[in-house]
Structure formats: C-alpha cells, structure tokens
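Text of start_23.cif (mmCIF, C-alpha atoms) as supplied:
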```cif
data_query
loop_
_atom_site.label_atom_id
_atom_site.label_comp_id
_atom_site.auth_asym_id
_atom_site.auth_seq_id
_atom_site.Cartn_x
_atom_site.Cartn_y
_atom_site.Cartn_z
CA MET A 259 149.82 -54.50 241.14
CA GLU A 260 152.54 -53.96 238.59
CA LYS A 261 156.22 -54.69 239.02
CA ARG A 262 158.81 -52.89 237.01
CA ILE A 263 161.77 -54.85 235.74
CA GLY A 264 164.02 -52.71 233.61
CA THR A 265 161.76 -50.84 231.20
CA PHE A 266 159.03 -53.52 231.31
CA PHE A 267 155.98 -53.61 233.57
CA PHE A 268 154.53 -56.95 234.65
CA LYS A 269 151.07 -57.34 236.14
CA HIS A 270 150.74 -59.54 239.19
CA ASN A 271 148.85 -62.78 238.49
CA TYR A 272 146.39 -63.06 241.39
CA THR A 273 144.73 -66.16 239.96
CA ALA A 274 147.89 -68.13 240.77
CA GLU A 275 147.84 -67.10 244.44
CA SER A 276 146.45 -69.32 247.19
CA ASP A 277 143.44 -68.17 249.19
CA ALA A 278 145.64 -67.67 252.24
CA ARG A 279 148.03 -65.45 250.28
CA LEU A 280 145.14 -63.42 248.88
CA VAL A 281 143.81 -62.86 252.40
CA GLU A 282 147.27 -61.75 253.46
CA LEU A 283 147.34 -59.26 250.58
CA ILE A 284 143.83 -58.04 251.44
CA THR A 285 144.95 -57.15 254.96
CA THR A 286 147.49 -54.79 253.40
CA GLY A 287 144.71 -53.07 251.45
CA ASN A 288 145.17 -54.84 248.12
CA GLN A 289 141.88 -54.38 246.23
CA LYS A 290 142.85 -56.72 243.36
CA ALA A 291 143.36 -59.60 245.80
CA PHE A 292 139.88 -58.99 247.23
CA GLU A 293 138.40 -58.93 243.72
CA GLU A 294 140.07 -62.29 242.99
CA LEU A 295 138.54 -63.90 246.10
CA ILE A 296 135.12 -62.55 245.12
CA HIS A 297 135.63 -63.92 241.62
CA ARG A 298 136.55 -67.36 243.01
CA TYR A 299 133.68 -67.74 245.46
CA GLN A 300 130.83 -65.42 244.50
CA ARG A 301 128.91 -67.94 242.40
CA ALA A 302 129.20 -70.70 245.02
CA VAL A 303 128.08 -68.37 247.81
CA ILE A 304 125.08 -67.12 245.80
CA ASN A 305 124.09 -70.66 244.82
CA PHE A 306 124.30 -71.91 248.40
CA ALA A 307 122.27 -68.98 249.72
CA PHE A 308 119.70 -69.45 246.93
CA ARG A 309 119.27 -73.13 247.74
CA PHE A 310 118.98 -72.33 251.42
CA ILE A 311 116.49 -69.45 251.26
CA GLY A 312 114.87 -69.84 247.84
CA SER A 313 115.17 -66.31 246.49
CA ARG A 314 117.79 -65.32 243.92
CA GLU A 315 117.67 -61.62 244.82
CA ASP A 316 117.97 -62.27 248.55
CA ALA A 317 120.79 -64.73 247.84
CA LYS A 318 122.70 -62.01 245.99
CA ASP A 319 122.22 -59.67 248.95
CA ILE A 320 123.47 -62.34 251.34
CA ALA A 321 126.50 -62.96 249.13
CA GLN A 322 127.31 -59.27 249.09
CA GLU A 323 126.96 -59.10 252.87
CA THR A 324 129.16 -62.21 253.20
CA PHE A 325 132.03 -60.54 251.37
CA ILE A 326 131.56 -57.26 253.23
CA ARG A 327 131.69 -59.05 256.57
CA PHE A 328 134.77 -60.99 255.50
CA PHE A 329 136.49 -57.81 254.34
CA GLN A 330 135.72 -56.08 257.64
CA ALA A 331 137.13 -59.02 259.59
CA ALA A 332 140.03 -59.92 257.27
CA ASN A 333 142.62 -58.83 259.86
CA ARG A 334 141.16 -61.31 262.36
CA TYR A 335 141.05 -64.27 259.96
CA GLU A 336 143.32 -67.09 261.09
CA PRO A 337 144.08 -69.69 258.42
CA SER A 338 143.60 -72.64 260.80
CA ALA A 339 140.73 -73.73 258.53
CA GLN A 340 140.39 -73.42 254.78
CA PHE A 341 139.20 -70.02 253.59
CA LYS A 342 136.22 -71.66 251.87
CA THR A 343 135.10 -73.13 255.20
CA TYR A 344 135.39 -69.73 256.87
CA LEU A 345 133.47 -68.00 254.08
CA PHE A 346 130.66 -70.56 254.12
CA ARG A 347 130.38 -70.22 257.90
CA ILE A 348 129.68 -66.51 257.38
CA THR A 349 127.19 -67.31 254.61
CA THR A 350 125.43 -69.98 256.67
CA ASN A 351 125.05 -67.62 259.63
CA LEU A 352 123.64 -64.89 257.38
CA CYS A 353 121.18 -67.35 255.81
CA ILE A 354 120.02 -68.54 259.23
CA ASP A 355 119.60 -64.95 260.42
CA PHE A 356 117.67 -64.14 257.25
CA LYS A 357 115.34 -67.14 257.65
CA GLU A 358 114.63 -66.24 261.29
CA LYS A 359 113.57 -62.74 260.24
CA LYS A 360 111.42 -63.84 257.31
CA LYS A 361 108.66 -66.36 256.63
CA PRO A 362 109.72 -69.41 254.64
CA GLU A 363 109.62 -69.02 250.89
CA TYR A 364 109.83 -72.02 248.64
CA MET A 365 111.59 -72.03 245.31
CA ASP A 366 109.39 -72.47 242.29
CA GLU A 367 111.89 -74.95 240.96
CA LEU A 368 115.32 -76.31 241.64
CA PRO A 369 118.18 -74.36 240.07
CA GLU A 370 119.03 -77.20 237.72
CA THR A 371 116.95 -77.17 234.57
CA TYR A 372 115.64 -80.20 232.79
CA SER A 373 114.94 -80.47 229.10
CA SER A 374 111.54 -81.75 228.12
CA SER A 375 109.90 -82.08 224.78
CA THR A 376 106.24 -81.89 225.80
CA PRO A 377 104.23 -79.53 227.99
CA PHE A 378 103.05 -82.50 230.08
CA LYS A 379 106.64 -83.53 230.82
CA GLU A 380 107.55 -79.94 231.68
CA LEU A 381 104.60 -79.63 234.05
CA HIS A 382 105.40 -82.96 235.68
CA GLN A 383 109.05 -81.98 236.10
CA LYS A 384 108.04 -78.64 237.62
CA GLU A 385 105.80 -80.43 240.13
CA ILE A 386 108.63 -82.78 241.07
CA SER A 387 111.05 -79.85 241.47
CA GLU A 388 108.60 -77.97 243.68
CA THR A 389 108.01 -81.05 245.82
CA ILE A 390 111.74 -81.67 246.26
CA SER A 391 112.35 -78.01 247.05
CA LYS A 392 109.60 -77.99 249.69
CA ALA A 393 110.92 -81.23 251.16
CA VAL A 394 114.45 -79.80 251.44
CA HIS A 395 113.12 -76.56 252.96
CA SER A 396 111.08 -78.52 255.51
CA LEU A 397 114.20 -80.18 256.91
CA PRO A 398 115.47 -78.91 260.25
CA GLU A 399 117.93 -76.10 259.69
CA ASN A 400 121.10 -78.00 260.64
CA GLN A 401 120.17 -80.96 258.40
CA ARG A 402 119.40 -78.60 255.51
CA VAL A 403 122.77 -76.81 255.90
CA ALA A 404 124.68 -80.10 255.98
CA LEU A 405 122.77 -81.46 252.97
CA LEU A 406 123.24 -78.33 250.86
CA LEU A 407 126.94 -78.03 251.66
CA HIS A 408 127.59 -81.69 250.91
CA HIS A 409 125.48 -82.27 247.82
CA PHE A 410 125.50 -78.88 246.14
CA GLU A 411 128.81 -77.38 247.26
CA GLY A 412 130.70 -80.68 247.24
CA MET A 413 132.18 -80.17 250.68
CA LYS A 414 133.68 -83.06 252.57
CA TYR A 415 132.40 -83.95 256.03
CA ALA A 416 135.36 -82.29 257.76
CA GLU A 417 134.76 -79.03 255.87
CA ILE A 418 131.07 -79.10 256.75
CA ALA A 419 131.98 -79.72 260.39
CA GLY A 420 134.17 -76.61 260.23
CA VAL A 421 131.38 -74.50 258.73
CA MET A 422 128.83 -75.75 261.25
CA ASN A 423 131.26 -75.74 264.17
CA THR A 424 130.50 -79.36 265.04
CA SER A 425 132.12 -82.79 264.78
CA VAL A 426 132.46 -84.98 261.69
CA SER A 427 130.31 -87.66 263.34
CA ALA A 428 127.58 -85.07 263.96
CA VAL A 429 127.68 -84.13 260.26
CA GLU A 430 127.40 -87.80 259.28
CA SER A 431 124.40 -88.16 261.57
CA LEU A 432 122.75 -85.01 260.18
CA LEU A 433 123.15 -86.25 256.63
CA VAL A 434 121.76 -89.69 257.44
CA ARG A 435 118.71 -88.15 259.11
CA ALA A 436 118.22 -85.65 256.27
CA LYS A 437 118.34 -88.37 253.62
CA LYS A 438 115.95 -90.57 255.61
CA THR A 439 113.47 -87.71 256.01
CA LEU A 440 113.68 -86.83 252.32
CA ARG A 441 113.13 -90.47 251.32
CA GLU A 442 109.99 -90.58 253.48
CA LYS A 443 108.65 -87.31 252.09
CA LEU A 444 109.41 -88.28 248.48
CA LYS A 445 108.08 -91.87 248.53
CA LEU A 446 105.35 -90.76 246.15
CA PHE A 447 107.92 -90.25 243.38
CA GLN A 448 109.75 -93.55 243.78
#
```
Would you give me this structure, written as structure tokens?
Amino acid sequence: MEKRIGTFFFKHNYTAESDARLVELITTGNQKAFEELIHRYQRAVINFAFRFIGSREDAKDIAQETFIRFFQAANRYEPSAQFKTYLFRITTNLCIDFKEKKKPEYMDELPETYSSSTPFKELHQKEISETISKAVHSLPENQRVALLLHHFEGMKYAEIAGVMNTSVSAVESLLVRAKKTLREKLKLFQ
C-alpha cells in the first residue's frame, strides 16, 4: 500500500507491524499484510509439520492448508491469544488429521545435519538420527506435540497450553513423560 505525501509516494512497511495489526489489515482484504504473515511463519509451520509427520512434501501441503484456513477464518480471529499460538493450533490439528488418515512414516534423518569426516561416522550418525526420529514418532500424539513445540519451536509452556487447549500443568506433565519415555528408548546411546 502506498501513501502519497505531496509528490512523493511511500510504501507501507509491513515488517514493522505487529501480528495483530496485520490480521486486522487482512480482514480488510490487504494482500500484502497476508504475505507478510506468511513470510514470518511459513518456515516455522513447515518445520513443525515436518517434524511431526516426517515428510517434507506433506509438511509443505499442511503449511499451505494452514494459511488457507487462517485466511478463510481471519474475520473470526480474536486476539485473546498470540497469533503464533492460534496458527500452530491450526497446524497441529491438520497434522493430527493427516496422521489419522495415513500410516506412520518415519524420517530418514533429523532435519539438523551433522558434519562427519568419515563414512563410518556418517553411517553411525544416520543410525542415531533414525533411532531418535522413530522414538519421537512413537510417543503418544499429545506428548509428541508438546515436545516438538517446546524443543523445536521454542514455545513456552503457556503458549503450548494455548495451542493444545489444555493447562500449563498438563503441558509440564506431558513433557516430563515424553522425556522419560525417550530416555528409556534411547538408553542404548547413552
């Protein structure tokens, strides 16, 4: 959106706007505001979906659907919670729906890459990554969601509680149980 002041045109700086303001602009049909929200959150949504379901292509589809669903419901969004919490609630629900419709698929490796200098080290690291990925995917759904949001998305317990529509103490409990289960499953590597 350009503003004219005298004979000069100034472009609106959407990067300086808060999420709530961008949502407000989106409800008036502002395409640039929607593009800015996608720019801010697309990578995080794709990464979360990838870690949850294990397929990069499916994660991209889920991210696209997340933004479509948000756009369709933008008029009903109430900023009582952070926009990020609202967006990840949509993403989480789409991931759960996806997993219920499809057999589990495990990632070949974790998204983080490790540098190794020998083929043996690379093979060993790949085995460890596959084992960790399978262990995370074997967690009960609610524990997996809490773990991924906390450790990979950096969300605080209150934000996770908002995404999962539960209490902070329930999130704490889910994370404790998830970590305990992972420790048991990964004893071999300790």
*Could you name the residues that touch Tyr344 (chain A) at 12 Å or less, counting all atoms listed in the file, but leaving out those on the same chain fewer than 6 positions away, as number ranges by chain?*
A: 277-278, 281, 299, 303, 324-325, 327-328, 331-332, 334-338, 350-351, 417-423
Those residues you just picked out, can you put them in a file as a tab-separated table (two decimals), in the frame of the given file with C-alpha atoms?
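Once everything was written out, this is part_29.tsv:
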```
chain	number	residue	atom	x	y	z
A	277	ASP	CA	143.44	-68.17	249.19
A	278	ALA	CA	145.64	-67.67	252.24
A	281	VAL	CA	143.81	-62.86	252.40
A	299	TYR	CA	133.68	-67.74	245.46
A	303	VAL	CA	128.08	-68.37	247.81
A	324	THR	CA	129.16	-62.21	253.20
A	325	PHE	CA	132.03	-60.54	251.37
A	327	ARG	CA	131.69	-59.05	256.57
A	328	PHE	CA	134.77	-60.99	255.50
A	331	ALA	CA	137.13	-59.02	259.59
A	332	ALA	CA	140.03	-59.92	257.27
A	334	ARG	CA	141.16	-61.31	262.36
A	335	TYR	CA	141.05	-64.27	259.96
A	336	GLU	CA	143.32	-67.09	261.09
A	337	PRO	CA	144.08	-69.69	258.42
A	338	SER	CA	143.60	-72.64	260.80
A	350	THR	CA	125.43	-69.98	256.67
A	351	ASN	CA	125.05	-67.62	259.63
A	417	GLU	CA	134.76	-79.03	255.87
A	418	ILE	CA	131.07	-79.10	256.75
A	419	ALA	CA	131.98	-79.72	260.39
A	420	GLY	CA	134.17	-76.61	260.23
A	421	VAL	CA	131.38	-74.50	258.73
A	422	MET	CA	128.83	-75.75	261.25
A	423	ASN	CA	131.26	-75.74	264.17
```
_Selection in question (the file shown): the PyMOL selection byres ((chain A and resi 397-411) around 10). Which residues does it include, as a PyMOL selection string?_
chain A and resi 302-303+305-307+309-310+346+350+353-354+357+392-396+412-415+417-419+421-422+428-437+439-440
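Note that CA of Phe356 (chain A) and CA of Ser313 (chain A) are 11.3 Å apart.
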*Could you tell me which of A:Ala274, A:Leu444, A:Ala321, A:Ala291 comes closest to Ile386 (chain A) if we count all atoms listed in the file?*
A:Leu444
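The point (140.4, -60.9, 245.1) has these residues within 10 Å of it, counting all atoms listed in the file: A:Tyr272, A:Thr273, A:Glu275, A:Asp277, A:Leu280, A:Val281, A:Leu283, A:Ile284, A:Asn288, A:Gln289, A:Lys290, A:Ala291, A:Phe292, A:Glu293, A:Glu294, A:Leu295, A:Ile296, A:His297, A:Arg298, A:Tyr299.
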_Report, in Å to a single decimal, how far apart CA of Lys438 (chain A) and CA of Ser391 (chain A) are._
15.6 Å
